[in-house]
Every structure is written in C-alpha cells, then in structure tokens.
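> Hey, dropping final-v2.cif in here, mmCIF, C-alpha atoms:
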data_my_file
#
loop_
_atom_site.label_atom_id
_atom_site.label_comp_id
_atom_site.auth_asym_id
_atom_site.auth_seq_id
_atom_site.Cartn_x
_atom_site.Cartn_y
_atom_site.Cartn_z
CA MET N 1 63.56 26.85 -8.07
CA GLU N 2 60.38 28.84 -8.55
CA ILE N 3 58.73 32.01 -7.40
CA THR N 4 55.07 32.96 -7.28
CA THR N 5 53.78 35.90 -9.29
CA ARG N 6 52.99 37.80 -6.10
CA GLY N 7 56.43 37.01 -4.75
CA LEU N 8 58.00 38.34 -7.93
CA TRP N 9 56.04 41.60 -7.72
CA THR N 10 57.06 41.99 -4.09
CA LEU N 11 60.66 41.49 -5.18
CA ILE N 12 60.32 44.10 -7.93
CA HIS N 13 58.71 46.56 -5.49
CA GLY N 14 61.12 46.05 -2.61
CA MET N 15 64.43 45.12 -4.16
CA GLY N 16 63.97 46.55 -7.64
CA PHE N 17 62.60 49.95 -6.74
CA GLY N 18 62.89 50.47 -2.97
CA ALA N 19 66.34 49.07 -2.26
CA LEU N 20 67.79 50.62 -5.41
CA TYR N 21 66.40 53.98 -4.32
CA LEU N 22 68.02 53.65 -0.89
CA LEU N 23 71.33 52.71 -2.49
CA ALA N 24 71.12 55.66 -4.86
CA PHE N 25 70.73 58.11 -1.98
CA SER N 26 74.38 57.97 -0.90
CA GLY N 27 75.57 59.01 -4.35
CA ALA N 28 72.95 61.73 -4.66
CA SER N 29 73.69 63.24 -1.27
CA VAL N 30 77.45 63.38 -1.88
CA GLU N 31 77.04 64.89 -5.35
CA LEU N 32 74.38 67.37 -4.22
CA TYR N 33 76.60 68.51 -1.37
CA ARG N 34 79.70 68.71 -3.56
CA LEU N 35 78.25 70.25 -6.72
CA THR N 36 76.28 72.93 -4.87
CA SER N 37 79.06 73.86 -2.47
CA PRO N 38 79.59 77.64 -2.43
CA SER N 39 83.29 77.01 -3.08
CA PRO N 40 83.66 73.75 -5.01
CA PRO N 41 87.11 72.15 -4.80
CA SER N 42 87.46 72.06 -8.58
CA PRO N 43 85.76 73.80 -11.50
CA LEU N 44 82.50 72.08 -12.38
CA THR N 45 81.67 70.99 -15.86
CA PRO N 46 78.21 71.06 -17.49
CA ASN N 47 78.51 67.27 -17.79
CA GLN N 48 78.63 66.88 -14.01
CA THR N 49 75.48 68.94 -13.61
CA ARG N 50 73.75 67.01 -16.40
CA PHE N 51 74.75 63.70 -14.83
CA LEU N 52 73.26 64.66 -11.46
CA ASN N 53 70.07 65.84 -13.17
CA VAL N 54 69.68 62.42 -14.82
CA TYR N 55 70.64 60.63 -11.58
CA LEU N 56 68.01 62.54 -9.58
CA ALA N 57 65.39 61.98 -12.28
CA ALA N 58 66.09 58.23 -12.06
CA MET N 59 65.62 58.42 -8.28
CA VAL N 60 62.29 60.19 -8.80
CA VAL N 61 61.15 57.39 -11.11
CA LEU N 62 62.30 54.71 -8.64
CA ALA N 63 60.54 56.40 -5.71
CA TRP N 64 57.22 56.79 -7.53
CA ALA N 65 57.45 53.28 -8.95
CA ALA N 66 58.02 51.92 -5.44
CA VAL N 67 55.00 53.63 -3.87
CA PHE N 68 52.62 52.97 -6.77
CA THR N 69 53.49 49.26 -7.06
CA GLY N 70 53.29 49.06 -3.27
CA ALA N 71 49.87 50.70 -3.03
CA TYR N 72 48.18 49.29 -6.12
CA VAL N 73 49.85 45.90 -6.70
CA ILE N 74 51.16 44.51 -3.38
CA TYR N 75 48.88 46.16 -0.82
CA PRO N 76 45.61 44.69 -2.19
CA TRP N 77 47.12 41.20 -1.84
CA TYR N 78 48.36 42.06 1.65
CA ARG N 79 44.99 43.28 2.92
CA ALA N 80 42.84 40.64 1.18
CA VAL N 81 40.04 39.39 3.43
CA PRO N 82 39.68 35.63 3.91
CA SER N 83 36.25 34.07 3.66
CA ALA N 84 34.63 32.94 6.90
CA GLY N 85 36.07 29.72 8.26
CA THR N 86 39.41 30.01 6.45
CA VAL N 87 42.01 28.26 8.59
CA ASN N 88 45.12 28.66 6.45
CA LEU N 89 45.86 32.39 6.41
CA SER N 90 49.10 32.20 4.45
CA LEU N 91 47.47 33.97 1.46
CA PHE N 92 46.15 36.74 3.72
CA PRO N 93 49.25 38.38 5.26
CA GLN N 94 47.47 41.11 7.23
CA HIS N 95 45.12 38.64 8.86
CA LEU N 96 47.95 36.19 9.44
CA LEU N 97 49.86 38.86 11.35
CA MET N 98 46.81 39.97 13.32
CA ALA N 99 45.95 36.41 14.34
CA ASN N 100 49.05 36.18 16.52
CA PRO N 101 49.78 38.58 19.44
CA ALA N 102 53.50 38.17 18.74
CA THR N 103 53.19 39.52 15.21
CA ILE N 104 50.24 41.92 15.36
CA GLY N 105 52.59 44.88 15.90
CA TRP N 106 54.17 44.35 12.50
CA HIS N 107 50.82 45.31 11.04
CA SER N 108 49.44 47.80 13.56
CA LEU N 109 52.68 49.77 13.74
CA GLY N 110 54.78 48.62 10.79
CA MET N 111 52.32 48.55 7.91
CA GLU N 112 50.16 51.37 9.30
CA TRP N 113 53.20 53.67 9.33
CA LYS N 114 54.83 52.36 6.16
CA GLU N 115 51.79 52.76 3.94
CA HIS N 116 51.72 56.52 4.60
CA VAL N 117 55.27 57.56 5.43
CA ALA N 118 56.60 56.00 2.22
CA TRP N 119 54.89 58.72 0.16
CA PHE N 120 57.09 61.43 1.68
CA ALA N 121 60.05 59.93 -0.19
CA PRO N 122 58.83 60.62 -3.76
CA ILE N 123 57.30 63.97 -2.79
CA SER N 124 60.59 65.14 -1.29
CA ILE N 125 62.92 63.77 -3.96
CA THR N 126 60.72 65.22 -6.72
CA MET N 127 61.13 68.61 -5.12
CA VAL N 128 64.88 68.10 -4.77
CA ALA N 129 65.24 67.07 -8.42
CA PHE N 130 63.15 70.03 -9.58
CA VAL N 131 65.11 72.58 -7.55
CA PHE N 132 68.46 71.19 -8.71
CA ARG N 133 67.27 71.23 -12.32
CA ARG N 134 66.08 74.82 -11.96
CA TYR N 135 69.12 76.20 -10.12
CA GLY N 136 71.95 73.75 -10.87
CA ARG N 137 75.29 74.99 -9.61
CA ASP N 138 73.67 78.31 -8.78
CA LEU N 139 72.29 76.61 -5.65
CA GLY N 140 75.67 77.38 -4.12
CA ASN N 141 74.66 81.05 -4.19
CA HIS N 142 71.41 80.33 -2.31
CA ALA N 143 72.60 78.97 1.02
CA GLN N 144 69.15 78.52 2.58
CA LEU N 145 67.72 76.94 -0.54
CA ARG N 146 70.65 74.53 -0.66
CA ALA N 147 70.23 73.64 3.02
CA ALA N 148 66.52 73.00 2.53
CA VAL N 149 67.21 70.75 -0.47
CA LEU N 150 69.71 68.71 1.57
CA VAL N 151 67.25 68.41 4.49
CA PHE N 152 64.42 67.23 2.22
CA ALA N 153 66.75 64.78 0.45
CA THR N 154 67.66 63.32 3.84
CA ALA N 155 63.99 63.20 4.86
CA SER N 156 63.28 61.32 1.66
CA PHE N 157 65.93 58.76 2.59
CA VAL N 158 64.56 58.40 6.13
CA ALA N 159 61.00 57.89 4.83
CA ALA N 160 62.20 55.29 2.32
CA GLY N 161 64.30 53.65 5.03
CA ILE N 162 61.33 53.31 7.39
CA ALA N 163 59.20 51.89 4.60
CA GLY N 164 61.97 49.56 3.48
CA PHE N 165 62.70 48.25 6.97
CA PHE N 166 59.06 47.49 7.75
CA GLY N 167 58.51 46.11 4.27
CA ALA N 168 61.32 43.62 4.76
CA MET N 169 60.13 42.63 8.24
CA LEU N 170 56.52 42.29 7.13
CA ASN N 171 57.54 40.07 4.25
CA LYS N 172 59.67 38.01 6.62
CA ASN N 173 56.80 37.43 9.06
CA ALA N 174 53.96 37.13 6.56
CA PRO N 175 55.19 36.97 2.97
CA VAL N 176 52.92 38.07 0.17
CA GLN N 177 52.58 34.92 -1.91
CA GLY N 178 50.24 33.18 -4.29
CA GLY N 179 49.32 33.38 -7.93
CA PRO N 180 50.83 31.35 -10.75
CA ALA N 181 54.29 29.96 -10.06
CA ILE N 182 57.18 30.98 -12.27
CA GLN N 183 59.86 28.36 -12.65
CA LEU N 184 63.32 29.92 -12.59
CA THR N 185 65.45 26.78 -12.85
CA ARG N 186 64.78 23.07 -12.84
CA GLY N 187 65.98 21.18 -9.79
CA GLY N 188 69.25 19.30 -10.18
CA GLU N 189 70.07 15.83 -9.01
CA GLN N 190 70.57 15.40 -5.30
CA MET X 1 77.93 108.20 -11.58
CA SER X 2 77.52 104.48 -11.13
CA LEU X 3 80.40 102.43 -9.74
CA CYS X 4 78.92 99.16 -11.00
CA PRO X 5 80.29 97.84 -14.28
CA PRO X 6 77.66 97.47 -16.98
CA ALA X 7 76.19 93.98 -17.25
CA ALA X 8 77.37 91.86 -20.13
CA PRO X 9 74.67 91.76 -22.80
CA ASN X 10 74.48 87.93 -22.81
CA THR X 11 74.51 87.43 -19.02
CA PRO X 12 71.20 85.92 -17.86
CA PRO X 13 69.54 87.68 -14.92
CA PRO X 14 70.30 86.06 -11.56
CA LEU X 15 67.72 83.48 -10.49
CA THR X 16 65.43 84.55 -7.69
CA ASN X 17 64.72 82.09 -4.90
CA GLY X 18 60.93 82.20 -5.41
CA SER X 19 60.65 79.08 -7.54
CA GLY X 20 62.72 77.04 -5.09
CA ALA X 21 60.75 78.41 -2.14
CA ALA X 22 57.49 77.39 -3.83
CA ALA X 23 58.77 73.85 -4.38
CA ILE X 24 60.00 73.51 -0.79
CA LEU X 25 56.90 74.90 0.88
CA SER X 26 54.52 72.90 -1.29
CA ALA X 27 56.42 69.67 -0.51
CA GLY X 28 55.91 70.38 3.20
CA ILE X 29 52.24 71.20 2.67
CA GLY X 30 51.64 68.11 0.51
CA SER X 31 53.22 65.80 3.09
CA PHE X 32 51.21 67.39 5.89
CA VAL X 33 47.91 67.11 4.00
CA LEU X 34 48.63 63.43 3.38
CA ALA X 35 49.22 62.86 7.10
CA VAL X 36 46.06 64.74 8.13
CA LEU X 37 43.93 62.92 5.55
CA ALA X 38 45.33 59.59 6.74
CA ILE X 39 44.23 60.34 10.30
CA ALA X 40 40.84 61.63 9.14
CA ALA X 41 40.20 58.49 7.08
CA ASP X 42 41.27 56.34 10.01
CA GLN X 43 39.00 58.10 12.51
CA ALA X 44 35.85 58.88 10.51
CA LYS X 45 33.97 56.16 8.65
CA ALA X 46 32.41 58.70 6.26
CA ILE X 47 35.81 60.05 5.23
CA GLU X 48 37.19 56.53 4.92
CA ALA X 49 34.34 55.66 2.55
CA ALA X 50 34.83 58.87 0.57
CA MET X 51 38.55 58.10 0.18
CA ASN X 52 37.90 54.61 -1.12
CA PHE X 53 38.76 55.47 -4.73
CA SER X 54 40.05 51.98 -5.50
CA LYS X 55 38.36 49.15 -3.63
CA PRO X 56 41.37 46.76 -3.56
CA THR X 57 43.63 49.47 -2.10
CA GLY X 58 40.96 51.01 0.12
CA ALA X 59 41.12 54.47 1.68
CA LEU X 60 44.86 54.70 1.02
CA SER X 61 44.05 55.27 -2.66
CA GLY X 62 41.95 58.36 -1.96
CA VAL X 63 44.16 59.74 0.79
CA THR X 64 47.24 59.68 -1.42
CA THR X 65 45.49 60.79 -4.62
CA VAL X 66 43.88 63.81 -2.95
CA ALA X 67 47.10 64.74 -1.15
CA LEU X 68 49.18 64.45 -4.34
CA LEU X 69 46.72 66.55 -6.33
CA PHE X 70 46.62 69.16 -3.55
CA TRP X 71 50.43 69.23 -3.45
CA LEU X 72 50.74 69.70 -7.22
CA VAL X 73 48.06 72.42 -7.35
CA VAL X 74 49.61 74.33 -4.43
CA TRP X 75 53.04 73.97 -6.03
CA GLY X 76 51.78 75.28 -9.35
CA LEU X 77 50.00 78.24 -7.79
CA LEU X 78 52.91 79.19 -5.54
CA ASP X 79 55.34 78.88 -8.44
CA LEU X 80 53.19 81.16 -10.58
CA ARG X 81 53.10 83.78 -7.83
CA TRP X 82 56.70 83.54 -6.61
CA ARG X 83 58.69 82.56 -9.71
CA LYS X 84 60.12 86.03 -10.33
CA LYS X 85 60.23 87.14 -6.70
CA THR X 86 62.74 86.91 -3.90
CA ILE X 87 61.03 85.33 -0.92
CA ALA X 88 61.89 85.45 2.79
CA LEU X 89 63.33 81.99 2.59
CA LYS X 90 64.18 81.46 6.25
CA GLN X 91 60.54 81.62 7.36
CA THR X 92 59.41 79.56 4.36
CA CYS X 93 61.94 76.83 5.11
CA ILE X 94 61.07 76.76 8.81
CA ILE X 95 57.38 76.32 7.97
CA ALA X 96 58.22 73.58 5.45
CA PHE X 97 60.48 71.76 7.94
CA VAL X 98 57.85 71.95 10.69
CA LEU X 99 55.17 70.61 8.34
CA LEU X 100 57.45 67.78 7.22
CA ALA X 101 58.38 66.87 10.80
CA LEU X 102 54.69 66.93 11.79
CA SER X 103 53.92 64.69 8.83
CA PHE X 104 56.36 62.04 10.03
CA LEU X 105 54.99 62.34 13.56
CA LEU X 106 51.30 62.27 12.59
CA THR X 107 51.69 59.17 10.44
CA PHE X 108 53.39 57.31 13.33
CA PRO X 109 50.55 55.06 14.56
CA PRO X 110 50.94 55.66 18.35
CA VAL X 111 50.60 59.41 17.67
CA ALA X 112 47.92 59.06 14.99
CA ASP X 113 45.82 56.97 17.40
CA LEU X 114 45.70 59.86 19.89
CA PHE X 115 43.18 61.66 17.71
#
Represent the structure from my file as structure tokens, please.


Amino acid sequence: MEITTRGLWTLIHGMGFGALYLLAFSGASVELYRLTSPSPPSPLTPNQTRFLNVYLAAMVVLAWAAVFTGAYVIYPWYRAVPSAGTVNLSLFPQHLLMANPATIGWHSLGMEWKEHVAWFAPISITMVAFVFRRYGRDLGNHAQLRAAVLVFATASFVAAGIAGFFGAMLNKNAPVQGGPAIQLTRGGEQ
Amino acid sequence: MSLCPPAAPNTPPPLTNGSGAAAILSAGIGSFVLAVLAIAADQAKAIEAAMNFSKPTGALSGVTTVALLFWLVVWGLLDLRWRKKTIALKQTCIIAFVLLALSFLLTFPPVADLF
C-alpha cells in the first residue's frame, strides 16, 4: 500500500485541514450561540470562554492552512501544463478534465469557484475569533454584534463546504498524483 | 442629585461596539475586494499578469495577497478610528452582509463570466 507525495499533500490539505475545519464548525456554532446568549442557561466560567477562544484559534489555523496549502502546494500541480504531444494527461488534472466534455464543468465551475470562494472561510473565521476574544461573554450584551458573528461563522462554513465539495469531486475525477511514492505497508500474501 | 449608584472602582468600562464593527465591516470589504480582483484578473490580461506574484500558482497568488493585505490594512485603520466609539451597527452589518453576499455571487463562475 503506497501513496504518492502529491497524493499525501492532497490528503493533508483536504482531510487534514479542510475536513477537520468543517467538522469543527458544529462545535463552534453551538458554543458561540450558547456562550454568548443574552440569558445563558447556567453561569459561565472563565474556563468555558478560554476553551472557546482556543477552539476558534485552532479553526483559524486550520482554515489558513487549508487555503495556503491549496493555493501554493496543490494548485500548481493541478494547473501544470503538459508539453506538446503529451497523450497521458493523468499528471495534469486541469487538462485531463478539460479534455473531456463530460468533466470540463468540474474545472470551469468547480475549481474556478473553489479557488476563490475558499478564502472567505479564513477571513470570516478570523474575524469571528477576534470578536469573541475581544468581547467574550459580553457579546450577549451586543445583540447585533452577536448576530453578525453568527452570520459570518455560518458563511465561513458555507465557503469551506463549497470548497470541500468541489475539492473532493475534482480529486475523484482527476486526482492530483505523482512525485515519489511513499510505501505505507508492504503487501501481504494473497 | 444623581439616582445612579456610583461605579465600583475596579469595574472596567463597558466595551463599545466599535472594535467589533471594524472587524465585521473589514471582513466584508476584504471578501468583496478578493471577488472583484478575481474578476478583473480573469477579464484583463494586464491585470492577470500584474497579479502573477508566484508563477506556479498564477494570478490567484496576487489576487489573494492583495486582497488579504487590503483587508488587514482596512481592518487596522477602522479599528484605530472606531475602537473607543459606539457605531451605528445595524447599517455597518447590513453593508458587511451585502458585501459578503456579493462576494459569493461574484466568485460564482456563471456570474463572474457576465463581466
């Protein structure tokens, strides 16, 4: 069982950073809603606020790591241009997709949208983390500020969701592969 | 004669909403600038070339770098101006939401290709 270096980076980008970010959203949204409620069901402790600060900071790191690895590690491999006369396009995902009318949309709509919309996720969640750090439980006393934070947190999830969906579909139709192979396990007897 | 009880000496002053408003509005502006730059780089060869900060990544590198820098500068300036003020948050939030919604819309290829 082996994986190529490019495949491993795609895994780190998509599953390591992107998917983990999407999973983290549910916890963040519930805690943001609960901790900043104008009338919380139970008294809040400083530990709860500190925990959410750390949780949101981790989400900020995941979101930025996802877009930077996507743009500067994976994307150059995706958009690599084959030399004239290249028949096997498996190492050139963008051109592989564009060579077939049935898959061209995954690039022209999927990648074209994903490569830009993904950046709204870290921008929005950075703002959310900053505002929560600045105001903490006091957000409950700023109803409009709290509503805006929840809207931007949701927008961040939607942006990451769009990017994640198209990322998965792109990699299904034209996987980013190549580079040295990394052997994970040796094959067993059949 | 004042009816308000005197403030406790150790009570911090209540936080104004200015800092939060600056963060929210600048996030909307930063997203919108990114979307506009993406369209501009897609439509004009000169802008695409100017945005080509990193050759392997292409114009995306410049579009995102410029937009992120713009966002951070706007955020810093707005925070400096609004930090100690109470801002009309309803209008600020509406503008930020509209900019964010437009950003999603403008990056959607069928819409971006209309320009």

> Any chance you could tabulate, as JSON lines, the residues of chain X at most 9 Å from chain N with each one's nearest atom pair and distance in Å to one decimal, using only C-alpha atoms, in chain and rising number order?


{"residue": "X:Pro14", "atom": "CA", "partner": "N:Asp138", "partner_atom": "CA", "distance": 8.9}
{"residue": "X:Leu15", "atom": "CA", "partner": "N:Tyr135", "partner_atom": "CA", "distance": 7.4}
{"residue": "X:Asn17", "atom": "CA", "partner": "N:Leu145", "partner_atom": "CA", "distance": 7.4}
{"residue": "X:Ser19", "atom": "CA", "partner": "N:Val131", "partner_atom": "CA", "distance": 7.9}
{"residue": "X:Gly20", "atom": "CA", "partner": "N:Val131", "partner_atom": "CA", "distance": 5.6}
{"residue": "X:Ala21", "atom": "CA", "partner": "N:Leu145", "partner_atom": "CA", "distance": 7.3}
{"residue": "X:Ala23", "atom": "CA", "partner": "N:Met127", "partner_atom": "CA", "distance": 5.8}
{"residue": "X:Ile24", "atom": "CA", "partner": "N:Met127", "partner_atom": "CA", "distance": 6.6}
{"residue": "X:Ser26", "atom": "CA", "partner": "N:Met127", "partner_atom": "CA", "distance": 8.8}
{"residue": "X:Ala27", "atom": "CA", "partner": "N:Ile123", "partner_atom": "CA", "distance": 6.2}
{"residue": "X:Gly28", "atom": "CA", "partner": "N:Ser124", "partner_atom": "CA", "distance": 8.3}
{"residue": "X:Gly30", "atom": "CA", "partner": "N:Ile123", "partner_atom": "CA", "distance": 7.8}
{"residue": "X:Ser31", "atom": "CA", "partner": "N:Phe120", "partner_atom": "CA", "distance": 6.0}
{"residue": "X:Leu34", "atom": "CA", "partner": "N:His116", "partner_atom": "CA", "distance": 7.7}
{"residue": "X:Ala35", "atom": "CA", "partner": "N:His116", "partner_atom": "CA", "distance": 7.3}
{"residue": "X:Ala38", "atom": "CA", "partner": "N:His116", "partner_atom": "CA", "distance": 7.4}
{"residue": "X:Ser54", "atom": "CA", "partner": "N:Tyr72", "partner_atom": "CA", "distance": 8.6}
{"residue": "X:Lys55", "atom": "CA", "partner": "N:Pro76", "partner_atom": "CA", "distance": 8.6}
{"residue": "X:Pro56", "atom": "CA", "partner": "N:Pro76", "partner_atom": "CA", "distance": 4.9}
{"residue": "X:Thr57", "atom": "CA", "partner": "N:Pro76", "partner_atom": "CA", "distance": 5.2}
{"residue": "X:Gly58", "atom": "CA", "partner": "N:Pro76", "partner_atom": "CA", "distance": 8.2}
{"residue": "X:Leu60", "atom": "CA", "partner": "N:Ala71", "partner_atom": "CA", "distance": 7.6}
{"residue": "X:Ser61", "atom": "CA", "partner": "N:Ala71", "partner_atom": "CA", "distance": 7.4}
{"residue": "X:Thr64", "atom": "CA", "partner": "N:Trp119", "partner_atom": "CA", "distance": 7.9}
{"residue": "X:Leu68", "atom": "CA", "partner": "N:Ile123", "partner_atom": "CA", "distance": 8.3}
{"residue": "X:Trp71", "atom": "CA", "partner": "N:Ile123", "partner_atom": "CA", "distance": 8.7}
{"residue": "X:Leu89", "atom": "CA", "partner": "N:Gln144", "partner_atom": "CA", "distance": 6.8}
{"residue": "X:Lys90", "atom": "CA", "partner": "N:Gln144", "partner_atom": "CA", "distance": 6.8}
{"residue": "X:Cys93", "atom": "CA", "partner": "N:Ala148", "partner_atom": "CA", "distance": 6.5}
{"residue": "X:Ala96", "atom": "CA", "partner": "N:Ala148", "partner_atom": "CA", "distance": 8.8}
{"residue": "X:Phe97", "atom": "CA", "partner": "N:Ala148", "partner_atom": "CA", "distance": 8.2}
{"residue": "X:Leu100", "atom": "CA", "partner": "N:Ala155", "partner_atom": "CA", "distance": 8.3}
{"residue": "X:Ala101", "atom": "CA", "partner": "N:Ala155", "partner_atom": "CA", "distance": 9.0}
{"residue": "X:Ser103", "atom": "CA", "partner": "N:Val117", "partner_atom": "CA", "distance": 8.0}
{"residue": "X:Phe104", "atom": "CA", "partner": "N:Val117", "partner_atom": "CA", "distance": 6.5}
{"residue": "X:Thr107", "atom": "CA", "partner": "N:Trp113", "partner_atom": "CA", "distance": 5.8}
{"residue": "X:Phe108", "atom": "CA", "partner": "N:Trp113", "partner_atom": "CA", "distance": 5.4}
{"residue": "X:Pro109", "atom": "CA", "partner": "N:Leu109", "partner_atom": "CA", "distance": 5.8}
{"residue": "X:Pro110", "atom": "CA", "partner": "N:Leu109", "partner_atom": "CA", "distance": 7.7}

> Record the distance separating atom CA of N:Ser26 and atom CA of N:Leu11, expressed in Å with one decimal.

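Value for the atom CA of N:Ser26-atom CA of N:Leu11 distance: 21.9 Å.
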
> For N:Tyr55, please output as a list of chain:residue names all residues within 9 Å (counting all atoms listed in the file; exclusion window: fewer than 5 positions along the same chain).

N:Ala24, N:Gly27, N:Ala28, N:Arg50, N:Val60, N:Ala129

> Report the centre and edge lengths, in Å to one decimal, of an axis-aligned box enclosing every atom of stretch 76-91 of chain X listed in the file, padded by 5 Å on each side, as JSON.


{"center_x": 57.1, "center_y": 81.2, "center_z": -1.6, "size_x": 24.2, "size_y": 21.9, "size_z": 27.9}

> Give me the result of the PyMOL selection byres ((chain X and resi 41) around 10) on this file, residue by residue, as a VMD selection string.

chain X and resid 36 to 40 42 to 52 59 to 60 62 to 63

> Can you tell me how far atom CA of N:His13 sits from atom CA of N:Leu62, in Å to one decimal?

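Here the two named atoms are 9.4 Å from each other.
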
> Have a look at atom CA of N:Phe157 and atom CA of N:Leu52 and let me know their distance in Å, one decimal.

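Atom CA of N:Leu52 lies 16.9 Å from atom CA of N:Phe157.
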
> Compile the contact shell of stretch 173-180 of chain N as a PyMOL selection string: residues with an atom at most 9 Å away, counting all atoms listed in the file, same-chain residues fewer than 6 positions apart removed.

chain N and resi 3-8+10+74+77-78+90-94+96-97+103+106

> Which of these, N:Val54, N:Leu150, N:Thr185, N:Ala168, has the shortest distance to N:Val30 once you count all atoms listed in the file?

N:Leu150
